[in-house]
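Data block for target_22.cif (mmCIF, C-alpha atoms and all ligand atoms):
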```cif
data_target
loop_
_atom_site.label_atom_id
_atom_site.label_comp_id
_atom_site.auth_asym_id
_atom_site.auth_seq_id
_atom_site.Cartn_x
_atom_site.Cartn_y
_atom_site.Cartn_z
CA MET X 24 21.61 -22.16 1.94
CA ARG X 25 18.09 -23.09 2.93
CA ILE X 26 15.61 -23.65 0.15
CA ILE X 27 11.86 -23.54 0.52
CA ILE X 28 9.92 -24.85 -2.45
CA THR X 29 6.31 -23.77 -2.60
CA ASP X 30 3.30 -25.32 -4.32
CA SER X 31 1.30 -22.19 -5.04
CA ILE X 32 1.81 -18.47 -5.47
CA GLU X 33 -0.18 -17.91 -2.25
CA GLU X 34 2.20 -20.13 -0.30
CA PHE X 35 5.18 -18.41 -1.99
CA ASN X 36 3.99 -14.99 -0.84
CA ILE X 37 2.96 -16.10 2.65
CA LYS X 38 6.20 -17.96 3.37
CA ALA X 39 8.21 -14.92 2.24
CA ALA X 40 6.05 -12.59 4.35
CA ASP X 41 6.47 -14.88 7.37
CA ILE X 42 10.25 -14.63 7.05
CA VAL X 43 10.16 -10.83 6.70
CA SER X 44 7.69 -10.54 9.62
CA GLN X 45 9.94 -12.64 11.82
CA GLN X 46 12.90 -10.44 10.94
CA ILE X 47 11.05 -7.18 11.70
CA SER X 48 9.64 -8.45 14.97
CA SER X 49 13.02 -9.72 16.17
CA ASN X 50 14.67 -6.42 15.12
CA PRO X 51 12.18 -3.57 14.64
CA ARG X 52 15.05 -1.32 13.52
CA THR X 53 15.87 -3.63 10.61
CA VAL X 54 17.58 -2.01 7.65
CA PHE X 55 16.25 -3.89 4.67
CA GLY X 56 17.07 -3.87 1.00
CA ALA X 57 14.20 -4.34 -1.42
CA PRO X 58 13.94 -5.16 -5.12
CA THR X 59 11.49 -4.15 -7.80
CA GLY X 60 10.07 -6.55 -10.39
CA GLU X 61 7.06 -8.81 -10.55
CA THR X 62 8.35 -11.45 -8.14
CA PRO X 63 8.01 -9.57 -4.82
CA LEU X 64 4.65 -7.92 -5.61
CA GLY X 65 2.66 -10.58 -3.73
CA LEU X 66 5.07 -10.37 -0.78
CA TYR X 67 4.61 -6.61 -0.63
CA ARG X 68 0.81 -6.99 -0.80
CA GLU X 69 0.90 -9.50 2.04
CA LEU X 70 3.14 -7.23 4.15
CA VAL X 71 0.82 -4.26 3.52
CA ASP X 72 -2.17 -6.35 4.68
CA ARG X 73 -0.31 -7.48 7.79
CA CYS X 74 0.80 -3.94 8.56
CA LYS X 75 -2.75 -2.60 8.19
CA ALA X 76 -3.94 -5.37 10.52
CA GLY X 77 -1.32 -4.32 13.08
CA ALA X 78 0.60 -7.59 12.76
CA ILE X 79 3.86 -6.00 11.60
CA ASP X 80 5.32 -2.63 12.48
CA PHE X 81 7.72 -0.86 10.12
CA SER X 82 7.82 2.39 12.11
CA GLN X 83 11.46 1.96 13.08
CA ALA X 84 12.62 0.11 9.95
CA THR X 85 14.67 1.54 7.09
CA CYS X 86 14.41 0.60 3.42
CA PHE X 87 17.07 0.88 0.73
CA SER X 88 15.87 0.21 -2.79
CA LEU X 89 18.44 -1.74 -4.80
CA ASP X 90 18.41 0.14 -8.06
CA GLU X 91 16.90 2.84 -10.22
CA TYR X 92 16.77 3.47 -13.94
CA ILE X 93 18.75 6.40 -15.27
CA GLY X 94 16.80 9.22 -16.89
CA ILE X 95 13.28 8.54 -15.71
CA SER X 96 11.74 10.75 -13.07
CA PRO X 97 10.50 9.51 -9.70
CA ASP X 98 6.89 9.94 -10.80
CA HIS X 99 7.38 7.81 -13.94
CA SER X 100 5.24 4.70 -13.50
CA GLN X 101 8.22 2.39 -14.16
CA SER X 102 10.74 4.09 -11.88
CA SER X 103 11.82 2.30 -8.72
CA HIS X 104 10.59 5.33 -6.79
CA TYR X 105 7.09 4.94 -8.14
CA TYR X 106 7.12 1.16 -7.87
CA MET X 107 8.38 1.05 -4.27
CA HIS X 108 6.02 3.73 -3.03
CA ASN X 109 2.93 2.59 -4.84
CA ASN X 110 3.30 -1.13 -4.34
CA PHE X 111 4.65 -1.09 -0.83
CA LEU X 112 6.07 1.83 1.08
CA LYS X 113 3.21 4.34 1.03
CA HIS X 114 0.87 1.65 2.40
CA ILE X 115 2.97 0.74 5.44
CA ASN X 116 3.95 2.74 8.51
CA ILE X 117 7.58 3.30 7.54
CA SER X 118 8.86 6.89 8.02
CA GLU X 119 9.50 8.81 4.82
CA GLU X 120 12.96 9.79 6.13
CA ASN X 121 13.86 6.10 6.39
CA ILE X 122 13.31 5.43 2.68
CA PHE X 123 16.26 5.56 0.29
CA ILE X 124 16.20 5.09 -3.46
CA PRO X 125 18.98 6.12 -5.87
CA ASN X 126 18.30 9.28 -7.84
CA GLY X 127 18.16 8.27 -11.49
CA MET X 128 17.87 11.90 -12.63
CA THR X 129 21.17 12.98 -11.12
CA GLN X 130 23.69 14.93 -13.18
CA ASP X 131 26.45 13.38 -11.05
CA ILE X 132 26.09 9.62 -11.28
CA PHE X 133 29.43 8.87 -9.65
CA GLY X 134 28.61 11.20 -6.73
CA GLU X 135 25.14 9.68 -6.38
CA CYS X 136 26.61 6.16 -6.22
CA ARG X 137 29.18 7.19 -3.64
CA SER X 138 26.65 8.95 -1.44
CA TYR X 139 24.24 5.99 -1.69
CA ASP X 140 26.98 3.65 -0.44
CA ASN X 141 27.90 6.13 2.30
CA MET X 142 24.27 6.27 3.39
CA ILE X 143 24.03 2.46 3.54
CA ASP X 144 27.29 2.39 5.53
CA SER X 145 26.00 5.06 7.92
CA TYR X 146 23.15 2.67 8.79
CA GLY X 147 25.64 -0.12 9.44
CA GLY X 148 24.86 -1.93 6.18
CA ILE X 149 21.81 -3.99 5.26
CA ASP X 150 20.42 -6.36 7.89
CA PHE X 151 17.99 -8.14 5.64
CA LEU X 152 18.17 -8.14 1.86
CA ILE X 153 15.31 -9.28 -0.33
CA LEU X 154 16.40 -10.21 -3.85
CA GLY X 155 14.76 -11.29 -7.06
CA ILE X 156 16.81 -12.78 -9.88
CA GLY X 157 16.94 -11.75 -13.52
CA GLN X 158 16.63 -14.31 -16.31
CA ASN X 159 20.34 -13.79 -16.95
CA GLY X 160 21.19 -14.21 -13.27
CA HIS X 161 21.33 -10.52 -12.39
CA ILE X 162 20.69 -9.35 -8.83
CA GLY X 163 19.64 -5.76 -8.27
CA PHE X 164 20.86 -4.55 -11.64
CA ASN X 165 24.28 -6.22 -11.38
CA GLU X 166 24.41 -7.58 -14.90
CA PRO X 167 26.68 -10.37 -16.22
CA ALA X 168 30.19 -8.92 -16.43
CA ASP X 169 33.86 -9.81 -16.34
CA THR X 170 34.20 -8.88 -12.66
CA PHE X 171 31.86 -8.48 -9.70
CA PRO X 172 31.35 -4.72 -9.28
CA SER X 173 31.76 -4.03 -5.60
CA SER X 174 30.25 -0.56 -5.07
CA SER X 175 27.13 1.15 -6.31
CA HIS X 176 27.66 1.90 -9.96
CA LEU X 177 26.24 2.83 -13.34
CA VAL X 178 25.32 -0.21 -15.37
CA GLU X 179 24.43 -0.61 -19.01
CA LEU X 180 21.52 -3.03 -19.11
CA LYS X 181 21.88 -6.18 -21.19
CA GLU X 182 19.61 -6.68 -24.15
CA SER X 183 18.04 -9.69 -22.38
CA THR X 184 17.14 -7.50 -19.38
CA ILE X 185 15.71 -4.80 -21.63
CA ASN X 186 13.65 -7.45 -23.40
CA ALA X 187 12.46 -8.95 -20.11
CA ASN X 188 11.47 -5.57 -18.70
CA ALA X 189 9.89 -4.30 -21.92
CA ARG X 190 6.62 -5.88 -20.71
CA PHE X 191 6.28 -3.06 -18.20
CA PHE X 192 6.67 -0.29 -20.79
CA GLU X 193 4.43 0.72 -23.69
CA ASN X 194 7.27 0.31 -26.14
CA LYS X 195 10.56 -1.57 -25.87
CA LEU X 196 12.33 1.61 -26.99
CA ASP X 197 11.07 3.30 -23.81
CA VAL X 198 13.04 0.93 -21.55
CA PRO X 199 15.99 2.87 -20.13
CA ARG X 200 19.37 1.44 -21.15
CA TYR X 201 21.19 2.42 -17.99
CA ALA X 202 20.60 2.11 -14.27
CA ILE X 203 22.25 2.72 -10.92
CA THR X 204 22.50 -0.38 -8.78
CA VAL X 205 23.99 -1.26 -5.43
CA GLY X 206 27.10 -3.36 -5.86
CA VAL X 207 28.02 -6.85 -4.85
CA LYS X 208 29.79 -5.70 -1.68
CA THR X 209 26.52 -4.30 -0.30
CA ILE X 210 24.78 -7.56 -1.21
CA MET X 211 27.45 -9.78 0.31
CA GLN X 212 27.71 -7.69 3.48
CA ALA X 213 23.96 -8.02 4.14
CA LYS X 214 23.50 -10.06 7.29
CA LYS X 215 20.71 -12.16 5.79
CA VAL X 216 19.50 -12.65 2.23
CA LEU X 217 16.10 -13.84 1.01
CA LEU X 218 16.25 -14.78 -2.69
CA MET X 219 12.88 -15.15 -4.39
CA ALA X 220 12.32 -16.86 -7.75
CA HIS X 221 9.12 -17.77 -9.46
CA GLY X 222 8.26 -19.35 -12.80
CA ASN X 223 9.86 -21.16 -15.74
CA SER X 224 11.73 -18.09 -16.90
CA LYS X 225 13.95 -18.37 -13.81
CA THR X 226 14.71 -22.12 -13.93
CA ALA X 227 17.99 -21.85 -15.84
CA ALA X 228 19.20 -18.80 -13.91
CA MET X 229 18.54 -20.57 -10.61
CA GLN X 230 20.43 -23.67 -11.64
CA LYS X 231 23.41 -21.68 -12.90
CA ALA X 232 23.42 -19.41 -9.86
CA LEU X 233 23.13 -22.09 -7.22
CA GLU X 234 24.75 -25.18 -8.70
CA GLU X 235 27.37 -24.10 -11.21
CA ASP X 236 30.64 -22.20 -10.83
CA VAL X 237 30.66 -18.84 -9.11
CA THR X 238 31.22 -16.35 -11.91
CA PRO X 239 30.46 -12.69 -12.56
CA GLN X 240 28.79 -13.88 -15.75
CA VAL X 241 26.02 -15.11 -13.43
CA PRO X 242 26.00 -12.43 -10.73
CA ALA X 243 23.64 -14.31 -8.39
CA SER X 244 26.20 -17.14 -8.18
CA ILE X 245 28.16 -15.00 -5.68
CA LEU X 246 25.44 -15.89 -3.18
CA GLN X 247 27.02 -19.35 -2.91
CA TYR X 248 29.63 -17.58 -0.75
CA HIS X 249 27.09 -15.83 1.47
CA HIS X 250 26.70 -17.29 4.94
CA ASP X 251 22.95 -16.78 5.42
CA VAL X 252 20.78 -17.18 2.34
CA THR X 253 17.21 -18.43 2.30
CA ILE X 254 15.70 -19.20 -1.08
CA ILE X 255 12.01 -19.27 -1.79
CA ALA X 256 11.21 -20.77 -5.16
CA ASP X 257 8.16 -22.28 -6.74
CA LYS X 258 8.40 -25.73 -8.29
CA ALA X 259 9.07 -24.33 -11.76
CA ALA X 260 11.98 -22.10 -10.73
CA ALA X 261 13.46 -24.91 -8.61
CA SER X 262 12.80 -27.70 -11.10
CA ARG X 263 16.44 -28.20 -12.14
CA LEU X 264 17.94 -27.89 -8.67
CA GLY X 265 19.47 -31.02 -7.24
CA LYS X 266 19.64 -32.70 -10.68
CA GLU X 267 22.72 -33.26 -12.76
C1 LIG Z 1 14.59 -6.27 -12.33
C2 LIG Z 1 15.20 -5.69 -11.07
C3 LIG Z 1 15.60 -6.76 -10.10
C4 LIG Z 1 14.60 -7.90 -10.18
C5 LIG Z 1 14.71 -8.57 -11.50
C6 LIG Z 1 13.68 -9.66 -11.74
O1 LIG Z 1 14.89 -5.64 -13.49
N1 LIG Z 1 16.25 -4.75 -11.24
O2 LIG Z 1 15.72 -6.22 -8.80
O3 LIG Z 1 14.86 -8.83 -9.15
O4 LIG Z 1 14.75 -7.64 -12.56
O5 LIG Z 1 12.43 -9.11 -12.03
P1 LIG Z 1 11.09 -9.95 -12.06
O6 LIG Z 1 10.76 -10.25 -10.64
O7 LIG Z 1 10.08 -9.02 -12.70
O8 LIG Z 1 11.35 -11.16 -12.87
#
```
Render the structure in this file as structure tokens.
Amino acid sequence: MRIIITDSIEEFNIKAADIVSQQISSNPRTVFGAPTGETPLGLYRELVDRCKAGAIDFSQATCFSLDEYIGISPDHSQSSHYYMHNNFLKHINISEENIFIPNGMTQDIFGECRSYDNMIDSYGGIDFLILGIGQNGHIGFNEPADTFPSSSHLVELKESTINANARFFENKLDVPRYAITVGVKTIMQAKKVLLMAHGNSKTAAMQKALEEDVTPQVPASILQYHHDVTIIADKAAASRLGKE
């Protein structure tokens, strides 16, 4: 694992954008996986600016979103659909047909999960996976569990995740309790992973994920077994790393 510790939010976003830019220029047909959440917002802004300036070209790239809430429509302001389009995808030159996001309104959740995995497989898997980390160590929406769920699946969100994400909703009761997420197999089969973590709320999760035992109770800990992970963290998120 390579770890880049940044001094400022600007540096955090620019370093992440440099890594993504390098990936897209070395393989314009990159299939990338992308998270929602607050952490990558600055990265997406930076990539939009670079794309508008002609410095990065997404025209041949493909994006798979990692997860979607169950029961909220694509035009709901907190859906992954809305988030990904409005914060990133509609501002870059990616083709609409190369954008994939699970359908959280499906009547057939099992079928939706299976076809999402089949679609990822038909593209040869993810080349470059961008990840955030939840305060409880979740990646995508793979929540702490007794086993690592391999395929895309329905997940019941943990209370801590609902609490953390309540800030995006008017009322905590509006936070969906279920989501579809890609599984750990998709994450582990990604050729490269960029894990981003920012702020004090991620310090404990980062330490557990990167320095303690690999356990499905801390889903991000599986990344210790991945062969190509780059971590970008600010000083707060990285503050317990390398210390007993
Ligand atoms: C969300 C998403 C994840 C994200 C994580 C952290 O709920 N499902 O993909 O990485 O939680 O979010 P944030 O960056 O807002 O802390």
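Listed by chain and then residue number, the contacts of ligand LIG 1 (chain Z) are X:Pro58, X:Thr59, X:Gly60, X:Glu61, X:Thr62, X:Leu154, X:Gly155, X:Ile156, X:Gly157, X:Ile162, X:Gly163, X:Phe164 (distance at most 6 Å, using only C-alpha atoms and all ligand atoms).
Within the 12 Å cut-off around Tyr105 (chain X), using all atoms listed in the file and omitting residues fewer than 3 positions from it on the same chain, the listed residues are Thr59, Ser88, Glu91, Tyr92, Ile95, Ser96, Pro97, Asp98, His99, Ser100, Gln101, Ser102, His108, Asn109, Asn110, Phe111, Leu112, Lys113 and Ile124 of chain X.
If only C-alpha atoms are the atoms counted, then among X:Tyr67, X:Phe81, X:Tyr248, X:Phe35 the closest residue to Ser48 (chain X) is X:Phe81.
Note that the spacing between CA of Thr29 (chain X) and CA of Pro239 (chain X) amounts to 28.4 Å.
For the set X:Asp90, X:Asp257, X:Glu135, X:Asp150, the residue with the smallest atom-to-atom gap to Tyr201 (chain X) is X:Asp90, counting all atoms listed in the file.
Counting from CA of Asn188 (chain X), the distance to CA of Pro125 (chain X) is 18.9 Å.
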Would you mind reading off the distance between CA of Lys258 (chain X) and CA of Gln230 (chain X), one decimal, in Å?
12.7 Å
If you count only C-alpha atoms, which residues fall within 10 Å of Gly65 (chain X), apart from same-chain ones fewer than 3 positions away, as a VMD selection string?
chain X and resid 32 to 33 35 to 37 39 to 40 61 to 62 68 to 71 110
Hey, can you spit out that residue selection with C-alpha atoms as a PDB file, in the frame of the given file?
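And here is the file that came out, out-v1.pdb:
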```pdb
ATOM      1  CA  ILE X  32       1.810 -18.470  -5.470  1.00  0.00           C
ATOM      2  CA  GLU X  33      -0.180 -17.910  -2.250  1.00  0.00           C
ATOM      3  CA  PHE X  35       5.180 -18.410  -1.990  1.00  0.00           C
ATOM      4  CA  ASN X  36       3.990 -14.990  -0.840  1.00  0.00           C
ATOM      5  CA  ILE X  37       2.960 -16.100   2.650  1.00  0.00           C
ATOM      6  CA  ALA X  39       8.210 -14.920   2.240  1.00  0.00           C
ATOM      7  CA  ALA X  40       6.050 -12.590   4.350  1.00  0.00           C
ATOM      8  CA  GLU X  61       7.060  -8.810 -10.550  1.00  0.00           C
ATOM      9  CA  THR X  62       8.350 -11.450  -8.140  1.00  0.00           C
ATOM     10  CA  ARG X  68       0.810  -6.990  -0.800  1.00  0.00           C
ATOM     11  CA  GLU X  69       0.900  -9.500   2.040  1.00  0.00           C
ATOM     12  CA  LEU X  70       3.140  -7.230   4.150  1.00  0.00           C
ATOM     13  CA  VAL X  71       0.820  -4.260   3.520  1.00  0.00           C
ATOM     14  CA  ASN X 110       3.300  -1.130  -4.340  1.00  0.00           C
TER      15      ASN X 110
END
```
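Residue nearest Glu234 (chain X), chosen from X:Met24, X:Val43, X:Ile203, X:Met211 and counting all atoms listed in the file: X:Met24.
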